Structure formats: structure tokens, C-alpha cells
Amino acid sequence: MTGGAGAGPRRAFLIVMDSVGAGGAPDADRFFNDSRPDTGANTLAHIAAACAEGRAEEGRSGPLRLPVLDGLGLTAAVRLASGAEMPGLGAVPAGLWGAATERSPGKDTPSGHWELAGVPVPWDWTVFPKADPAFPPDLLAEVARLAGVAGTLGNCHASGTEIIARLGEDHLRTGWPICYTSADSVFQIAAHEQVFGLDRLLSLCAGIAPRLHAMRVGRVIARPFTGTPGRFARTANRHDYAIAPPGPTILDRAAGAGRQTRGIGKIGDIFSGRGLEAVLKGADDAALADHLLDLADTAAPGSLTVANFVEFDSLYGHRRDVAGYARALEWFDGVAGRFLARLRAGDLAIFTADHGNDPTWTGTDHTRERVPVLGWGRGTRPVGQVGFVDVAASLADHLGLPAEGPGRSFL
């Protein structure tokens, strides 16, 4: 399972398993799902326990099986993060392993990714109240003006699938966009891809984004859907308009040094395209896995690749689907094995996460957790309790970039 630094130009791969938390965040009591604090949330340990107890049998069966990630040190990382065990797992680590703690005051996607890239968030995000209505009238008036319509629908906290099922027919009748939010710092606009128009929806989101960003709302998200009443379905053409990171990230630094940089999945949206020579997207995580495998073969010497695999979070964590989350982990473990088999001497691969989303927990929001840090290519050893920012510092160290920012390399 181990690789060596070797000779010649080194490549680095950062793979973010969206929401795959390991519990143990020291400030979890300050973050809530409904009225319950996140204290005790543990995405990985609770999924493993459910599998071992036969409570995650849909589409899979038995204890959680993650031979590749566990072989790198996953169980040891969870134990370090939270003191919890992973029933059915427990391989002797053959990679680099540790647990990372976030300092940014959020449990959202941009906060986690930016801090992993070396830039903690220096502000508190604006989150819309769980009230009906949720948004200021002047904000919705501006949305309607930009859309060229007389009003908007929604104006509440909602699940994306639920709100298009409930308001999709009204949207087709009126032409009004559907505006909603969640416990994250987001403003989401749903519209029918054919009837309202995809380009029109994207233009609307781009037009309203600067106003939301000025309010410290992290993302404006275009949520296109298709179909007819009773048969609406969201499409893969989602697009996030995120605030730009408040400082130079590891991607900016690598690009500035003339290195090839690649983003896979949501990375382009999360970093507002900054520091990225190319972004590779796909309809699902399986398509993103193909991109990752291809780049293991083709990425240039000295390059940096950052990937996000979102479906753990979007399809299973928020929907509190334990068996689905377990299936996704087991599928990804196979991807990780094929990916590592293609890497070269001198490469570094780090697997980590941006936050938690415990599918056994109350509510539907992310959970504040530490995250595992698993490394291939720099020997077999524990790195201990580290910060999210230390991931960026370690990538820079491996790539031979100057040390900058608040992190310290654990290599």
C-alpha cells in the first residue's frame, strides 16, 4: 500500500470525500441539527456500526468493507479523531494516517475546501432564518427583476427534491423561479431546464450572486430540473456561484509556479475557477472517478489535482440514507484501489473530507466533525492530530513550493 517519494518531478493528488467525517470535533457543541448539538456525531463510525448490526442491508450486506482505505489507516484515523471504533474494520495501517480539525466557523463545503487549500474562512457566514418567509423582500424583488417575471416561489428552507415536487407545477404555470435555502449559507434557485431555460437560469444566478456574496452568503446555486408534474427530476447541470477564497490557495500557488492544475467535480465552483487550468466534470461520481483514473496516467510531472466526490453528501448524508452511504463508501474504496495502482514513484495522494454528514443523526444538515487524513506515497506512519491547513502545507512541501500561509507540513 505504500509508495516512495522516488526521484524526478513529484505529482500530488488531493481527493476530498465530501462529508466523510470521523467524529470528535472539539467544538461540535456549537453546531446544531434542528435543536440537537452535533456532539457525538460520527459519520464513519456510525455507518460501520449500523452495517455490523445488520441495519444497512439495502443493496449491500454485512459489515462495512473498505480494504483499501482501511489499509491506509482509516480505522486508526477514526480512533485518533474521536476514540470510536469501526466494527468489522481495523487493518494495520500501511500508509500515512491522521485526523484533521477545522478552525473555520462553519461546517459547509467552501469552508472545508478553502481551509484544506490553506485559507481558513475569516468571517461568519450568513445563514437565512428557518422562518417562512426566509428571505428579505427586496432580495426576491431583485431576483424577479433579473428573471423578467412578476414574482418568485418558495421563500423558505426546503429539500431540493421536495420543493420541486411541491412547487414545480406552479413554476410551469407562472414562469416564476423557485427560491429556497438550507442550513448552509446558500441561496438556491430551481427552474425547469426546458420551460424556463438552462441558460436563463444560469444567467439569473450569476446576476444575483454578487448581491448575495456581499451579504456573506457563501453560494448561489442553480438547480435545474426537467419532467412533468409528478415526474420532476433534477439534472446534472447544477452550477454553484461561490464567493472567491479570501486569499491565495494551494491551487493559486501551484498555478503561479507554472504547475499544471486540474479540478475534478465541484472544485471549479468551490474555488470560483481560481488557480485551475482545467476542470473536469461529469453526470455522477462514477464519471468523476473515470477522470481521476485518467489523470493518474496522464497528469504532468509536478502537477496538482484536486477532486471532490459529492454523492456521499448529496445523495446519502442529507437524506439520512445509511445503507446508501455505505454502498457509496464501498464503491469508492474500489475506485481508490484502482487509482493507487496507477500512481508512480514520487506521487503523493491524500484522501480526506471537508466536514461530516452523519446519516444516523437528527435533521438533514452537515455535522461538525474531524476528518480522516490518509496518505499514499510518503511512507507508513501516523501524522497525529493536524489542522485542515496542514494539508495544503504538506501538498506544497511535496511539490517543492515555498512555504506560505498558516499550515505546517506533516510530511
# chains A, B, ... in the order shown; residues from 1 in each chain; ligands from 1

call {"tool": "residues_around", "arguments": {"residues": "stretch 361-373 of chain A", "least_positions_apart": "2", "cutoff": "7 Å", "atoms": "only C-alpha atoms", "output": "number ranges by chain"}}
result
A: 20-25, 28, 31, 33-34, 38, 41-42, 74, 77-78, 81, 97-102, 107, 183, 318-320, 350-353, 355-359, 375

call {"tool": "residues_around", "arguments": {"residues": "stretch 148-160 of chain A", "least_positions_apart": "6", "cutoff": "7 Å", "atoms": "only C-alpha atoms", "output": "MDAnalysis selection string"}}
result
chainID A and resid 130:135 140 176:182

call {"tool": "closest_residue", "arguments": {"among": "A:Leu399, A:Leu167, A:Leu72, A:Met17", "to": "A:Ser314", "atoms": "only C-alpha atoms"}}
result
A:Met17

call {"tool": "closest_atom_pairs", "arguments": {"of": "stretch 314-400 of chain A", "to": "stretch 113-116 of chain A", "cutoff": "6 Å", "atoms": "only C-alpha atoms", "output": "Markdown table"}}
result
| residue | atom | partner | partner_atom | distance |
| --- | --- | --- | --- | --- |
| A:Asp354 | CA | A:His113 | CA | 5.8 |
| A:Phe388 | CA | A:Leu116 | CA | 4.7 |
| A:Val389 | CA | A:Leu116 | CA | 5.1 |
| A:Val391 | CA | A:Leu116 | CA | 5.7 |
| A:Ala392 | CA | A:Leu116 | CA | 5.8 |

call {"tool": "write_last_selection", "arguments": {"atoms": "C-alpha atoms", "output": "compact mmCIF listing (two decimals), in the first residue's frame"}}
result
# COMPACT_ATOMS: atom_id res chain seq x y z
CA ASP A 354 -14.42 18.69 4.16
CA PHE A 388 -7.04 21.36 7.75
CA VAL A 389 -4.47 24.00 6.73
CA VAL A 391 -2.97 19.51 4.27
CA ALA A 392 -2.17 22.47 1.99

call {"tool": "closest_residue", "arguments": {"among": "A:Ala349, A:Pro120, A:Gly302, A:Pro129", "to": "A:Leu374", "atoms": "only C-alpha atoms"}}
result
A:Ala349

call {"tool": "closest_atom_pairs", "arguments": {"of": "stretch 115-188 of chain A", "to": "stretch 242-251 of chain A", "cutoff": "12 Å", "atoms": "only C-alpha atoms", "output": "tab-separated table"}}
result
residue	atom	partner	partner_atom	distance
A:Glu115	CA	A:Thr249	CA	8.6
A:Leu116	CA	A:Ile250	CA	8.8
A:Ala117	CA	A:Thr249	CA	5.2
A:Gly118	CA	A:Thr249	CA	5.6
A:Val119	CA	A:Thr249	CA	6.1
A:Pro120	CA	A:Pro246	CA	8.5
A:Val121	CA	A:Pro246	CA	7.4
A:Pro122	CA	A:Pro246	CA	8.0
A:Trp123	CA	A:Pro246	CA	9.8
A:Trp125	CA	A:Ile243	CA	10.8
A:Ser185	CA	A:Ala242	CA	10.3
A:Val186	CA	A:Ala242	CA	9.1
A:Phe187	CA	A:Ala242	CA	10.4
A:Gln188	CA	A:Ala242	CA	11.7

call {"tool": "closest_atom_pairs", "arguments": {"of": "stretch 296-403 of chain A", "to": "stretch 83-92 of chain A", "cutoff": "12 Å", "atoms": "only C-alpha atoms", "output": "CSV"}}
result
residue,atom,partner,partner_atom,distance
A:Arg370,CA,A:Gly83,CA,11.5
A:Thr380,CA,A:Val92,CA,10.2
A:Arg381,CA,A:Val92,CA,10.8
A:Pro382,CA,A:Val92,CA,11.5

call {"tool": "write_last_selection", "arguments": {"atoms": "N, CA and C atoms", "output": "tab-separated table (two decimals), in the first residue's frame"}}
result
chain	number	residue	atom	x	y	z
A	370	ARG	N	-14.24	16.15	13.03
A	370	ARG	CA	-12.91	15.99	12.46
A	370	ARG	C	-13.03	15.10	11.21
A	380	THR	N	4.94	4.94	5.71
A	380	THR	CA	3.94	4.39	6.63
A	380	THR	C	4.19	4.96	8.01
A	381	ARG	N	3.29	5.85	8.44
A	381	ARG	CA	3.47	6.43	9.78
A	381	ARG	C	2.25	7.27	10.16
A	382	PRO	N	2.02	7.45	11.45
A	382	PRO	CA	0.98	8.38	11.90
A	382	PRO	C	1.49	9.81	11.81

call {"tool": "atom_distance", "arguments": {"atom1": "atom CA of A:Ala323", "atom2": "atom CA of A:Gly337"}}
result
21.5 Å

call {"tool": "atom_distance", "arguments": {"atom1": "atom CA of A:Arg327", "atom2": "atom CA of A:Arg234"}}
result
21.8 Å

call {"tool": "decode", "arguments": {"residues": "stretch 59-90 of chain A", "atoms": "N, CA and C atoms", "output": "mmCIF file, in the first residue's frame"}}
result
data_model
loop_
_atom_site.group_PDB
_atom_site.id
_atom_site.type_symbol
_atom_site.label_atom_id
_atom_site.label_comp_id
_atom_site.auth_asym_id
_atom_site.auth_seq_id
_atom_site.Cartn_x
_atom_site.Cartn_y
_atom_site.Cartn_z
ATOM 1 N N GLY A 59 -29.267 -3.120 -0.747
ATOM 2 C CA GLY A 59 -28.291 -3.061 -1.829
ATOM 3 C C GLY A 59 -26.906 -3.515 -1.448
ATOM 4 N N ARG A 60 -26.711 -3.964 -0.248
ATOM 5 C CA ARG A 60 -25.434 -4.469 0.250
ATOM 6 C C ARG A 60 -25.749 -5.333 1.474
ATOM 7 N N SER A 61 -24.720 -5.956 2.066
ATOM 8 C CA SER A 61 -24.990 -6.781 3.231
ATOM 9 C C SER A 61 -23.741 -6.938 4.073
ATOM 10 N N GLY A 62 -23.945 -7.058 5.387
ATOM 11 C CA GLY A 62 -22.867 -7.392 6.299
ATOM 12 C C GLY A 62 -22.030 -6.208 6.726
ATOM 13 N N PRO A 63 -20.906 -6.474 7.384
ATOM 14 C CA PRO A 63 -20.028 -5.400 7.866
ATOM 15 C C PRO A 63 -19.521 -4.528 6.728
ATOM 16 N N LEU A 64 -19.174 -3.314 7.056
ATOM 17 C CA LEU A 64 -18.621 -2.383 6.080
ATOM 18 C C LEU A 64 -17.271 -2.910 5.586
ATOM 19 N N ARG A 65 -17.083 -2.906 4.276
ATOM 20 C CA ARG A 65 -15.860 -3.449 3.670
ATOM 21 C C ARG A 65 -15.123 -2.339 2.929
ATOM 22 N N LEU A 66 -13.993 -1.919 3.495
ATOM 23 C CA LEU A 66 -13.179 -0.849 2.904
ATOM 24 C C LEU A 66 -11.702 -1.243 2.968
ATOM 25 N N PRO A 67 -11.303 -2.311 2.272
ATOM 26 C CA PRO A 67 -9.937 -2.815 2.435
ATOM 27 C C PRO A 67 -8.853 -1.821 2.031
ATOM 28 N N VAL A 68 -9.095 -0.999 1.026
ATOM 29 C CA VAL A 68 -8.055 -0.078 0.550
ATOM 30 C C VAL A 68 -7.874 1.082 1.529
ATOM 31 N N LEU A 69 -8.967 1.778 1.829
ATOM 32 C CA LEU A 69 -8.876 2.924 2.744
ATOM 33 C C LEU A 69 -8.485 2.477 4.146
ATOM 34 N N ASP A 70 -9.035 1.355 4.585
ATOM 35 C CA ASP A 70 -8.652 0.862 5.912
ATOM 36 C C ASP A 70 -7.190 0.442 5.921
ATOM 37 N N GLY A 71 -6.725 -0.092 4.791
ATOM 38 C CA GLY A 71 -5.320 -0.464 4.707
ATOM 39 C C GLY A 71 -4.389 0.728 4.811
ATOM 40 N N LEU A 72 -4.840 1.890 4.347
ATOM 41 C CA LEU A 72 -4.038 3.101 4.517
ATOM 42 C C LEU A 72 -4.037 3.585 5.963
ATOM 43 N N GLY A 73 -5.121 3.306 6.694
ATOM 44 C CA GLY A 73 -5.171 3.730 8.094
ATOM 45 C C GLY A 73 -6.489 4.342 8.517
ATOM 46 N N LEU A 74 -7.588 3.998 7.841
ATOM 47 C CA LEU A 74 -8.864 4.650 8.129
ATOM 48 C C LEU A 74 -9.340 4.393 9.556
ATOM 49 N N THR A 75 -9.322 3.152 9.998
ATOM 50 C CA THR A 75 -9.779 2.864 11.360
ATOM 51 C C THR A 75 -8.912 3.585 12.380
ATOM 52 N N ALA A 76 -7.612 3.586 12.163
ATOM 53 C CA ALA A 76 -6.713 4.285 13.077
ATOM 54 C C ALA A 76 -7.004 5.780 13.090
ATOM 55 N N ALA A 77 -7.354 6.353 11.925
ATOM 56 C CA ALA A 77 -7.667 7.778 11.853
ATOM 57 C C ALA A 77 -8.949 8.100 12.613
ATOM 58 N N VAL A 78 -9.969 7.254 12.485
ATOM 59 C CA VAL A 78 -11.221 7.467 13.212
ATOM 60 C C VAL A 78 -10.984 7.348 14.712
ATOM 61 N N ARG A 79 -10.202 6.370 15.104
ATOM 62 C CA ARG A 79 -9.890 6.191 16.529
ATOM 63 C C ARG A 79 -9.161 7.416 17.067
ATOM 64 N N LEU A 80 -8.228 7.955 16.298
ATOM 65 C CA LEU A 80 -7.495 9.143 16.717
ATOM 66 C C LEU A 80 -8.416 10.359 16.792
ATOM 67 N N ALA A 81 -9.324 10.491 15.813
ATOM 68 C CA ALA A 81 -10.214 11.649 15.762
ATOM 69 C C ALA A 81 -11.187 11.681 16.915
ATOM 70 N N SER A 82 -11.731 10.530 17.268
ATOM 71 C CA SER A 82 -12.879 10.526 18.168
ATOM 72 C C SER A 82 -12.849 9.461 19.251
ATOM 73 N N GLY A 83 -11.890 8.543 19.200
ATOM 74 C CA GLY A 83 -11.875 7.433 20.140
ATOM 75 C C GLY A 83 -12.820 6.316 19.773
ATOM 76 N N ALA A 84 -13.541 6.452 18.653
ATOM 77 C CA ALA A 84 -14.523 5.452 18.248
ATOM 78 C C ALA A 84 -13.861 4.323 17.464
ATOM 79 N N GLU A 85 -14.495 3.162 17.505
ATOM 80 C CA GLU A 85 -14.037 2.018 16.732
ATOM 81 C C GLU A 85 -14.873 1.873 15.465
ATOM 82 N N MET A 86 -14.355 1.096 14.528
ATOM 83 C CA MET A 86 -15.038 0.812 13.264
ATOM 84 C C MET A 86 -15.303 -0.690 13.221
ATOM 85 N N PRO A 87 -16.461 -1.146 13.703
ATOM 86 C CA PRO A 87 -16.724 -2.581 13.754
ATOM 87 C C PRO A 87 -16.546 -3.240 12.387
ATOM 88 N N GLY A 88 -15.821 -4.347 12.373
ATOM 89 C CA GLY A 88 -15.569 -5.063 11.135
ATOM 90 C C GLY A 88 -14.333 -4.589 10.404
ATOM 91 N N LEU A 89 -13.737 -3.483 10.840
ATOM 92 C CA LEU A 89 -12.537 -2.946 10.214
ATOM 93 C C LEU A 89 -11.434 -2.862 11.267
ATOM 94 N N GLY A 90 -10.222 -2.544 10.860
ATOM 95 C CA GLY A 90 -9.147 -2.427 11.823
ATOM 96 C C GLY A 90 -7.819 -2.940 11.304
#
